[in-house]
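A.B. asks: Below are the structure tokens for one structure; questions will follow.
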Amino acid sequence: MTFKVPFVNYSLQYKNLEKEIDSAIKDVLSRGDLILREDVERFEKGLASFLGAKYAVGVNSGTDALIFSLKAAGVGPGDEVITVSHTFAASITCVFHVGATPVLIEVKEDFTMDPKEVEKAVTSKTKAILPVHYNGRTCDMEKIMDIAKKHNLAVIEDSAQSLGAKFNNKNAGTFGSASCYSFYPAKILGSAGDAGAVITDDENIAQKIRLYRNHCQRKNAEGKVEFLCFGETSRLHNLQAAILNVKLKYVSSWIERRRGIAKIYQNRLASVKGIKLPPAPDSDSKYFDVFQNYVLQAEKRDELSSFLKENGVETLIKDPIANHLQPAFNLSHFKLSFSEKLADKVISLPMYPELNNEQVEYAAQKVCDFYKQ
Ligand SMILES: *Cc1c(COP(=O)(O)O)cnc(C)c1O
């Protein structure tokens with residue numbers, strides 16, 4: 001089915017940058033530079049400088065970025081990590097991957113970690129807090145960092161959805177000891193496949209992540225390769241880095257466009273009964289939101305989704321089962337009624353910079369039409 005307003009349009013972004021991307025790919029392949037070469041290093045420097053962080057280390061996904069950051073912070077069996085249920089599963093499964101125990105808490109109305117709940121969840125076993133900057137909005141990092149300091153906890157930020165988002169003028173990802181980004185195609189900065197990165201100001205952590213992503217190989221004093229720990233094959237591919245280098249230049253303008261689209265949705269939908277909108281851009285001076293997603297809480301959500309589909313507007317219902325109720329995770333002892341309600345209510349409208357105003361207006365109009373029925 002072809003949609004008048006598709007939920008993503010990767011080929012259009014490629015078409016807009018075709019010459020630059022083609023030439024970057026050709027350049028890398030002609031040089032034969034495939035693994036950990038200058039394109040990766042250039043991307044790491046570019047990303048760190050974009051975010052105002054000291055180091056960036058490219059890895060093969062946001063999920064590995066999270067797993068490696070927890071490992072680098074010394075999180076392991078017997079430790080508890082506080083995070084939210086209302087997130088992409090990777091924010092929770094990464095905790096299992098290092099053998100630790102996730103402790104899940106509620107989000108606020110803006111879909112980000114509720115600091116009041118963090119304080120209540122701290123125990124003698126808590127080792128880290130993993131705030132998720134969800135849908136393009138940061139958590140309240142002032143309150144969360146205060147709690148972390150008070151209890152001497154590591155903070156690993158999941159910034160996979162919030163490249164360029166700011167709290168008090170500081171970038172998502174520059175508060176904690178390490179922060180994780182994803183360059184999955186649908187993210188604000190998307191690779192042509194999977195890619196991720198860890199951001200940190202701590203040289204020691206950066207060093208550890210560089211080891212983990214490459215089987216912990218290092219040359220010893222005699223020039224012989226030593227394996228310092230059990231590592232993985234999780235490098236950011238040079239070819240992906242070359243594509244990301246082309247796209248990184250456009251991220252700021254793409255964010256502006258996303259905010260522009262959010263303003264149109266806000267203007268068109270503010271008075272519609274039956275839906276709750278995300279916070280409007282600039283509605284709170286502490287937050288600079290980048291609208292990775294535009295997520296409504298909608299009455300009759302599934303009917304709305306079908307109606308929009310019939311009318312050529314593709315939507316996404318993310319996480320229709322709350323993570324703490326996912327059978328495989330064994331976390332149903334957490335009672336999180338708001339997160340459960342959100343699983344039944346959230347729906348994402350199309351949101352990416354290549355949408356034209358006519359498409360956005362059309363999608364908004366169809367939402368209005370549905371609730372007028
Ligand atoms: C996308 C995403 C991840 C995982 O990133 P991948 O690159 O897909 O592994 C983690 N957390 C959140 C909140 C995400 O949206």
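All residue names refer to the structure tokens as shown: chains lettered A, B, ... in order, residues numbered from 1 in each chain, ligands numbered from 1 in order.
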Do you know which residues are at most 10 Å from A:Gln365 counting only C-alpha atoms, after dropping those on the same chain fewer than 5 positions away, and could you put them as JSON, numbers by chain?
C.D. replies: {"A": [265, 268, 269, 359, 360, 370]}
A.B. asks: Restrict the selected residues to N, CA and C atoms and save them as a PDB file, in the first residue's frame.
C.D. replies:
```pdb
ATOM      1  N   TYR A 265       1.382  20.448  13.946  1.00  0.00           N
ATOM      2  CA  TYR A 265       0.491  19.499  14.644  1.00  0.00           C
ATOM      3  C   TYR A 265      -0.140  20.173  15.864  1.00  0.00           C
ATOM      4  N   ARG A 268      -2.881  22.644  14.852  1.00  0.00           N
ATOM      5  CA  ARG A 268      -4.066  22.013  14.257  1.00  0.00           C
ATOM      6  C   ARG A 268      -4.833  21.143  15.251  1.00  0.00           C
ATOM      7  N   LEU A 269      -4.096  20.568  16.226  1.00  0.00           N
ATOM      8  CA  LEU A 269      -4.716  19.519  17.051  1.00  0.00           C
ATOM      9  C   LEU A 269      -5.002  19.943  18.490  1.00  0.00           C
ATOM     10  N   GLN A 359       1.491  17.564   3.560  1.00  0.00           N
ATOM     11  CA  GLN A 359       1.308  16.234   4.154  1.00  0.00           C
ATOM     12  C   GLN A 359       0.984  16.331   5.646  1.00  0.00           C
ATOM     13  N   VAL A 360       1.687  17.234   6.334  1.00  0.00           N
ATOM     14  CA  VAL A 360       1.468  17.374   7.779  1.00  0.00           C
ATOM     15  C   VAL A 360       0.062  17.898   8.046  1.00  0.00           C
ATOM     16  N   PHE A 370     -11.511  12.295  12.296  1.00  0.00           N
ATOM     17  CA  PHE A 370     -11.862  11.095  13.062  1.00  0.00           C
ATOM     18  C   PHE A 370     -12.637  11.461  14.323  1.00  0.00           C
TER      19      PHE A 370
END
```
A.B. asks: Would you mind listing, for every residue of chain A within 6 Å of ligand 1, the two atoms forming the shortest contact and the distance between them in Å to one decimal, using only C-alpha atoms and all ligand atoms, sorted by chain and ascending residue number, as JSON lines?
C.D. replies:
```
{"residue": "A:Ser61", "atom": "CA", "partner": "ligand 1", "partner_atom_place_in_ligand_line": "7 (O)", "distance": 3.8}
{"residue": "A:Gly62", "atom": "CA", "partner": "ligand 1", "partner_atom_place_in_ligand_line": "7 (O)", "distance": 3.5}
{"residue": "A:Thr63", "atom": "CA", "partner": "ligand 1", "partner_atom_place_in_ligand_line": "9 (O)", "distance": 3.7}
{"residue": "A:Thr87", "atom": "CA", "partner": "ligand 1", "partner_atom_place_in_ligand_line": "13 (C)", "distance": 5.5}
{"residue": "A:Phe88", "atom": "CA", "partner": "ligand 1", "partner_atom_place_in_ligand_line": "13 (C)", "distance": 4.7}
{"residue": "A:Ala90", "atom": "CA", "partner": "ligand 1", "partner_atom_place_in_ligand_line": "10 (C)", "distance": 4.8}
{"residue": "A:Ser91", "atom": "CA", "partner": "ligand 1", "partner_atom_place_in_ligand_line": "11 (N)", "distance": 5.0}
{"residue": "A:Asp158", "atom": "CA", "partner": "ligand 1", "partner_atom_place_in_ligand_line": "11 (N)", "distance": 5.8}
{"residue": "A:Ala160", "atom": "CA", "partner": "ligand 1", "partner_atom_place_in_ligand_line": "14 (C)", "distance": 4.7}
{"residue": "A:Gln161", "atom": "CA", "partner": "ligand 1", "partner_atom_place_in_ligand_line": "15 (O)", "distance": 5.0}
{"residue": "A:Ser182", "atom": "CA", "partner": "ligand 1", "partner_atom_place_in_ligand_line": "7 (O)", "distance": 4.1}
{"residue": "A:Phe183", "atom": "CA", "partner": "ligand 1", "partner_atom_place_in_ligand_line": "7 (O)", "distance": 5.7}
{"residue": "A:Tyr184", "atom": "CA", "partner": "ligand 1", "partner_atom_place_in_ligand_line": "7 (O)", "distance": 4.9}
{"residue": "A:Asp194", "atom": "CA", "partner": "ligand 1", "partner_atom_place_in_ligand_line": "7 (O)", "distance": 5.8}
{"residue": "A:Ala195", "atom": "CA", "partner": "ligand 1", "partner_atom_place_in_ligand_line": "7 (O)", "distance": 5.7}
{"residue": "A:Gly196", "atom": "CA", "partner": "ligand 1", "partner_atom_place_in_ligand_line": "7 (O)", "distance": 5.5}
```
A.B. asks: Produce a file of the selected residues containing C-alpha atoms, as a compact mmCIF listing (two decimals), in the first residue's frame.
C.D. replies:
```
# COMPACT_ATOMS: atom_id res chain seq x y z
CA SER A 61 24.14 -0.28 17.60
CA GLY A 62 22.52 1.73 20.33
CA THR A 63 21.88 -1.50 22.19
CA THR A 87 10.71 2.85 26.58
CA PHE A 88 12.08 0.76 23.76
CA ALA A 90 16.68 -2.19 24.66
CA SER A 91 16.82 0.20 27.65
CA ASP A 158 19.77 6.39 26.88
CA ALA A 160 18.96 6.99 21.36
CA GLN A 161 15.89 9.13 20.65
CA SER A 182 21.53 4.99 18.06
CA PHE A 183 21.78 5.64 14.34
CA TYR A 184 19.08 3.17 13.35
CA ASP A 194 22.60 -0.22 12.24
CA ALA A 195 25.05 1.97 14.10
CA GLY A 196 25.46 3.56 17.53
```
A.B. asks: Contacts between stretch 188-191 of chain A and stretch 209-319 of chain A, please, where a residue of stretch 209-319 of chain A counts if it comes within 8 Å (with only C-alpha atoms); show its shortest atom pair and distance in Å to one decimal, rows by chain and ascending number, as a Markdown table.
C.D. replies:
```
| residue | atom | partner | partner_atom | distance |
| --- | --- | --- | --- | --- |
| A:Gln240 | CA | A:Ser191 | CA | 5.9 |
| A:Ala241 | CA | A:Ser191 | CA | 7.9 |
| A:Ile243 | CA | A:Ser191 | CA | 6.6 |
| A:Leu244 | CA | A:Ser191 | CA | 6.0 |
| A:Lys247 | CA | A:Leu189 | CA | 7.0 |
| A:Leu248 | CA | A:Leu189 | CA | 7.0 |
| A:Val251 | CA | A:Leu189 | CA | 6.6 |
| A:Trp254 | CA | A:Ile188 | CA | 7.8 |
| A:Ile255 | CA | A:Ile188 | CA | 7.7 |
| A:Gln292 | CA | A:Ile188 | CA | 6.0 |
```
A.B. asks: Taking the DSSP assignment computed from this structure's backbone, write out as a PyMOL selection string all residues of stretch 21-204 of chain A that belong to strand (DSSP E or B).
C.D. replies: chain A and resi 35+55-59+80-84+101-105+107+113+126-129+132+154-158+166-167+170-171+178-182+196-200
A.B. asks: Tell me, counting only C-alpha atoms, for each residue of stretch 258-306 of chain A within 10 Å of stretch 136-155 of chain A, which pair of atoms is nearest and how far apart they are in Å to one decimal, in rows ordered by chain and increasing number, as JSON lines.
C.D. replies:
```
{"residue": "A:Pro278", "atom": "CA", "partner": "A:Arg137", "partner_atom": "CA", "distance": 9.8}
{"residue": "A:Pro279", "atom": "CA", "partner": "A:Arg137", "partner_atom": "CA", "distance": 9.2}
{"residue": "A:Lys286", "atom": "CA", "partner": "A:Asp140", "partner_atom": "CA", "distance": 8.9}
{"residue": "A:Tyr287", "atom": "CA", "partner": "A:Thr138", "partner_atom": "CA", "distance": 7.2}
{"residue": "A:Phe288", "atom": "CA", "partner": "A:Arg137", "partner_atom": "CA", "distance": 7.2}
{"residue": "A:Asp289", "atom": "CA", "partner": "A:Arg137", "partner_atom": "CA", "distance": 4.8}
{"residue": "A:Val290", "atom": "CA", "partner": "A:Gly136", "partner_atom": "CA", "distance": 4.7}
{"residue": "A:Phe291", "atom": "CA", "partner": "A:Gly136", "partner_atom": "CA", "distance": 4.5}
{"residue": "A:Gln292", "atom": "CA", "partner": "A:Gly136", "partner_atom": "CA", "distance": 4.6}
{"residue": "A:Asn293", "atom": "CA", "partner": "A:Gly136", "partner_atom": "CA", "distance": 6.7}
{"residue": "A:Tyr294", "atom": "CA", "partner": "A:Gly136", "partner_atom": "CA", "distance": 8.8}
```
A.B. asks: What does the file look like for those residues with all heavy atoms, as a JSON list (two decimals), in the first residue's frame?
C.D. replies:
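Writing done, so here's again07.json:
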```json
[["chain", "number", "residue", "atom", "x", "y", "z"],
["A", 278, "PRO", "N", 1.81, 15.89, 22.91],
["A", 278, "PRO", "CA", 3.06, 16.05, 23.66],
["A", 278, "PRO", "C", 3.29, 17.54, 23.94],
["A", 278, "PRO", "O", 2.63, 18.37, 23.32],
["A", 278, "PRO", "CB", 4.12, 15.49, 22.70],
["A", 278, "PRO", "CG", 3.54, 15.65, 21.34],
["A", 278, "PRO", "CD", 2.05, 15.52, 21.50],
["A", 279, "PRO", "N", 4.19, 17.88, 24.86],
["A", 279, "PRO", "CA", 4.44, 19.30, 25.13],
["A", 279, "PRO", "C", 4.80, 20.04, 23.85],
["A", 279, "PRO", "O", 5.54, 19.50, 23.02],
["A", 279, "PRO", "CB", 5.64, 19.28, 26.09],
["A", 279, "PRO", "CG", 5.67, 17.91, 26.67],
["A", 279, "PRO", "CD", 5.07, 16.99, 25.65],
["A", 286, "LYS", "N", 13.08, 25.24, 29.92],
["A", 286, "LYS", "CA", 14.12, 24.31, 30.33],
["A", 286, "LYS", "C", 14.42, 23.27, 29.26],
["A", 286, "LYS", "O", 15.48, 22.66, 29.24],
["A", 286, "LYS", "CB", 13.67, 23.55, 31.59],
["A", 286, "LYS", "CG", 13.95, 24.27, 32.87],
["A", 286, "LYS", "CD", 13.77, 23.31, 34.04],
["A", 286, "LYS", "CE", 14.11, 24.04, 35.33],
["A", 286, "LYS", "NZ", 13.80, 23.24, 36.49],
["A", 287, "TYR", "N", 13.43, 23.01, 28.42],
["A", 287, "TYR", "CA", 13.54, 21.89, 27.48],
["A", 287, "TYR", "C", 13.66, 22.37, 26.04],
["A", 287, "TYR", "O", 12.92, 23.26, 25.61],
["A", 287, "TYR", "CB", 12.29, 20.99, 27.56],
["A", 287, "TYR", "CG", 12.16, 20.25, 28.87],
["A", 287, "TYR", "CD1", 11.50, 20.83, 29.95],
["A", 287, "TYR", "CD2", 12.69, 18.98, 29.03],
["A", 287, "TYR", "CE1", 11.37, 20.17, 31.14],
["A", 287, "TYR", "CE2", 12.57, 18.30, 30.23],
["A", 287, "TYR", "CZ", 11.90, 18.90, 31.28],
["A", 287, "TYR", "OH", 11.77, 18.23, 32.47],
["A", 288, "PHE", "N", 14.61, 21.76, 25.31],
["A", 288, "PHE", "CA", 14.67, 21.93, 23.87],
["A", 288, "PHE", "C", 14.40, 20.55, 23.28],
["A", 288, "PHE", "O", 15.26, 19.67, 23.34],
["A", 288, "PHE", "CB", 16.03, 22.48, 23.44],
["A", 288, "PHE", "CG", 16.17, 22.65, 21.95],
["A", 288, "PHE", "CD1", 15.66, 23.78, 21.32],
["A", 288, "PHE", "CD2", 16.80, 21.69, 21.18],
["A", 288, "PHE", "CE1", 15.77, 23.94, 19.94],
["A", 288, "PHE", "CE2", 16.93, 21.84, 19.80],
["A", 288, "PHE", "CZ", 16.41, 22.97, 19.17],
["A", 289, "ASP", "N", 13.18, 20.35, 22.79],
["A", 289, "ASP", "CA", 12.77, 19.03, 22.30],
["A", 289, "ASP", "C", 13.06, 18.89, 20.81],
["A", 289, "ASP", "O", 12.91, 19.84, 20.05],
["A", 289, "ASP", "CB", 11.26, 18.82, 22.53],
["A", 289, "ASP", "CG", 10.89, 18.87, 24.01],
["A", 289, "ASP", "OD1", 11.78, 18.68, 24.85],
["A", 289, "ASP", "OD2", 9.70, 19.11, 24.31],
["A", 290, "VAL", "N", 13.47, 17.68, 20.41],
["A", 290, "VAL", "CA", 13.84, 17.48, 19.00],
["A", 290, "VAL", "C", 12.84, 16.60, 18.24],
["A", 290, "VAL", "O", 13.04, 16.35, 17.05],
["A", 290, "VAL", "CB", 15.27, 16.92, 18.87],
["A", 290, "VAL", "CG1", 16.28, 17.94, 19.39],
["A", 290, "VAL", "CG2", 15.43, 15.59, 19.60],
["A", 291, "PHE", "N", 11.79, 16.15, 18.91],
["A", 291, "PHE", "CA", 10.70, 15.43, 18.24],
["A", 291, "PHE", "C", 11.18, 14.28, 17.36],
["A", 291, "PHE", "O", 10.87, 14.21, 16.18],
["A", 291, "PHE", "CB", 9.78, 16.41, 17.48],
["A", 291, "PHE", "CG", 9.04, 17.32, 18.41],
["A", 291, "PHE", "CD1", 9.56, 18.57, 18.76],
["A", 291, "PHE", "CD2", 7.88, 16.89, 19.01],
["A", 291, "PHE", "CE1", 8.91, 19.38, 19.68],
["A", 291, "PHE", "CE2", 7.21, 17.71, 19.92],
["A", 291, "PHE", "CZ", 7.73, 18.94, 20.25],
["A", 292, "GLN", "N", 11.92, 13.38, 17.99],
["A", 292, "GLN", "CA", 12.21, 12.11, 17.33],
["A", 292, "GLN", "C", 10.89, 11.46, 16.87],
["A", 292, "GLN", "O", 10.78, 10.93, 15.78],
["A", 292, "GLN", "CB", 12.93, 11.19, 18.32],
["A", 292, "GLN", "CG", 12.88, 9.70, 18.00],
["A", 292, "GLN", "CD", 13.71, 9.35, 16.78],
["A", 292, "GLN", "OE1", 14.89, 9.66, 16.73],
["A", 292, "GLN", "NE2", 13.08, 8.72, 15.81],
["A", 293, "ASN", "N", 9.89, 11.56, 17.75],
["A", 293, "ASN", "CA", 8.56, 11.04, 17.42],
["A", 293, "ASN", "C", 7.53, 12.07, 17.83],
["A", 293, "ASN", "O", 7.78, 12.88, 18.73],
["A", 293, "ASN", "CB", 8.27, 9.74, 18.20],
["A", 293, "ASN", "CG", 9.37, 8.73, 18.03],
["A", 293, "ASN", "OD1", 9.73, 8.37, 16.92],
["A", 293, "ASN", "ND2", 9.95, 8.28, 19.14],
["A", 294, "TYR", "N", 6.36, 12.04, 17.19],
["A", 294, "TYR", "CA", 5.27, 12.88, 17.64],
["A", 294, "TYR", "C", 4.17, 11.95, 18.14],
["A", 294, "TYR", "O", 3.46, 11.32, 17.35],
["A", 294, "TYR", "CB", 4.75, 13.78, 16.52],
["A", 294, "TYR", "CG", 3.87, 14.88, 17.07],
["A", 294, "TYR", "CD1", 4.43, 16.06, 17.56],
["A", 294, "TYR", "CD2", 2.49, 14.73, 17.13],
["A", 294, "TYR", "CE1", 3.64, 17.05, 18.10],
["A", 294, "TYR", "CE2", 1.70, 15.72, 17.67],
["A", 294, "TYR", "CZ", 2.28, 16.88, 18.16],
["A", 294, "TYR", "OH", 1.49, 17.87, 18.71]]
```
A.B. asks: For atom CA of A:Lys120 and atom CA of A:Ile92, quote the distance in Å rounded to one decimal.
C.D. replies: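 A separation of 18.7 Å between them.
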A.B. asks: Suppose you want the space between atom CA of A:Ala242 and atom CA of A:Phe7; what is it in Å?
C.D. replies: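 These two atoms are separated by 25.9 Å.
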A.B. asks: Quick check, in Å to one decimal: how far apart do atom CA of A:Phe230 and atom CA of A:Glu44 lie?
C.D. replies: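 Those two atoms sit 23.7 Å apart.
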A.B. asks: Which one is closest to A:Ser159: A:Lys187, A:His97, A:Lys15, A:Lys54? Count only C-alpha atoms.
C.D. replies: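 Going through A:Lys187, A:His97, A:Lys15, A:Lys54 one by one, the smallest distance to A:Ser159 is for A:Lys187.
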A.B. asks: List the neighbours of A:Ala65 out to 7 Å using only C-alpha atoms; skip same-chain residues closer than 4 positions along the sequence, and give me the result as a ChimeraX atom specification.
C.D. replies: /A:59,61,69,180,196-198
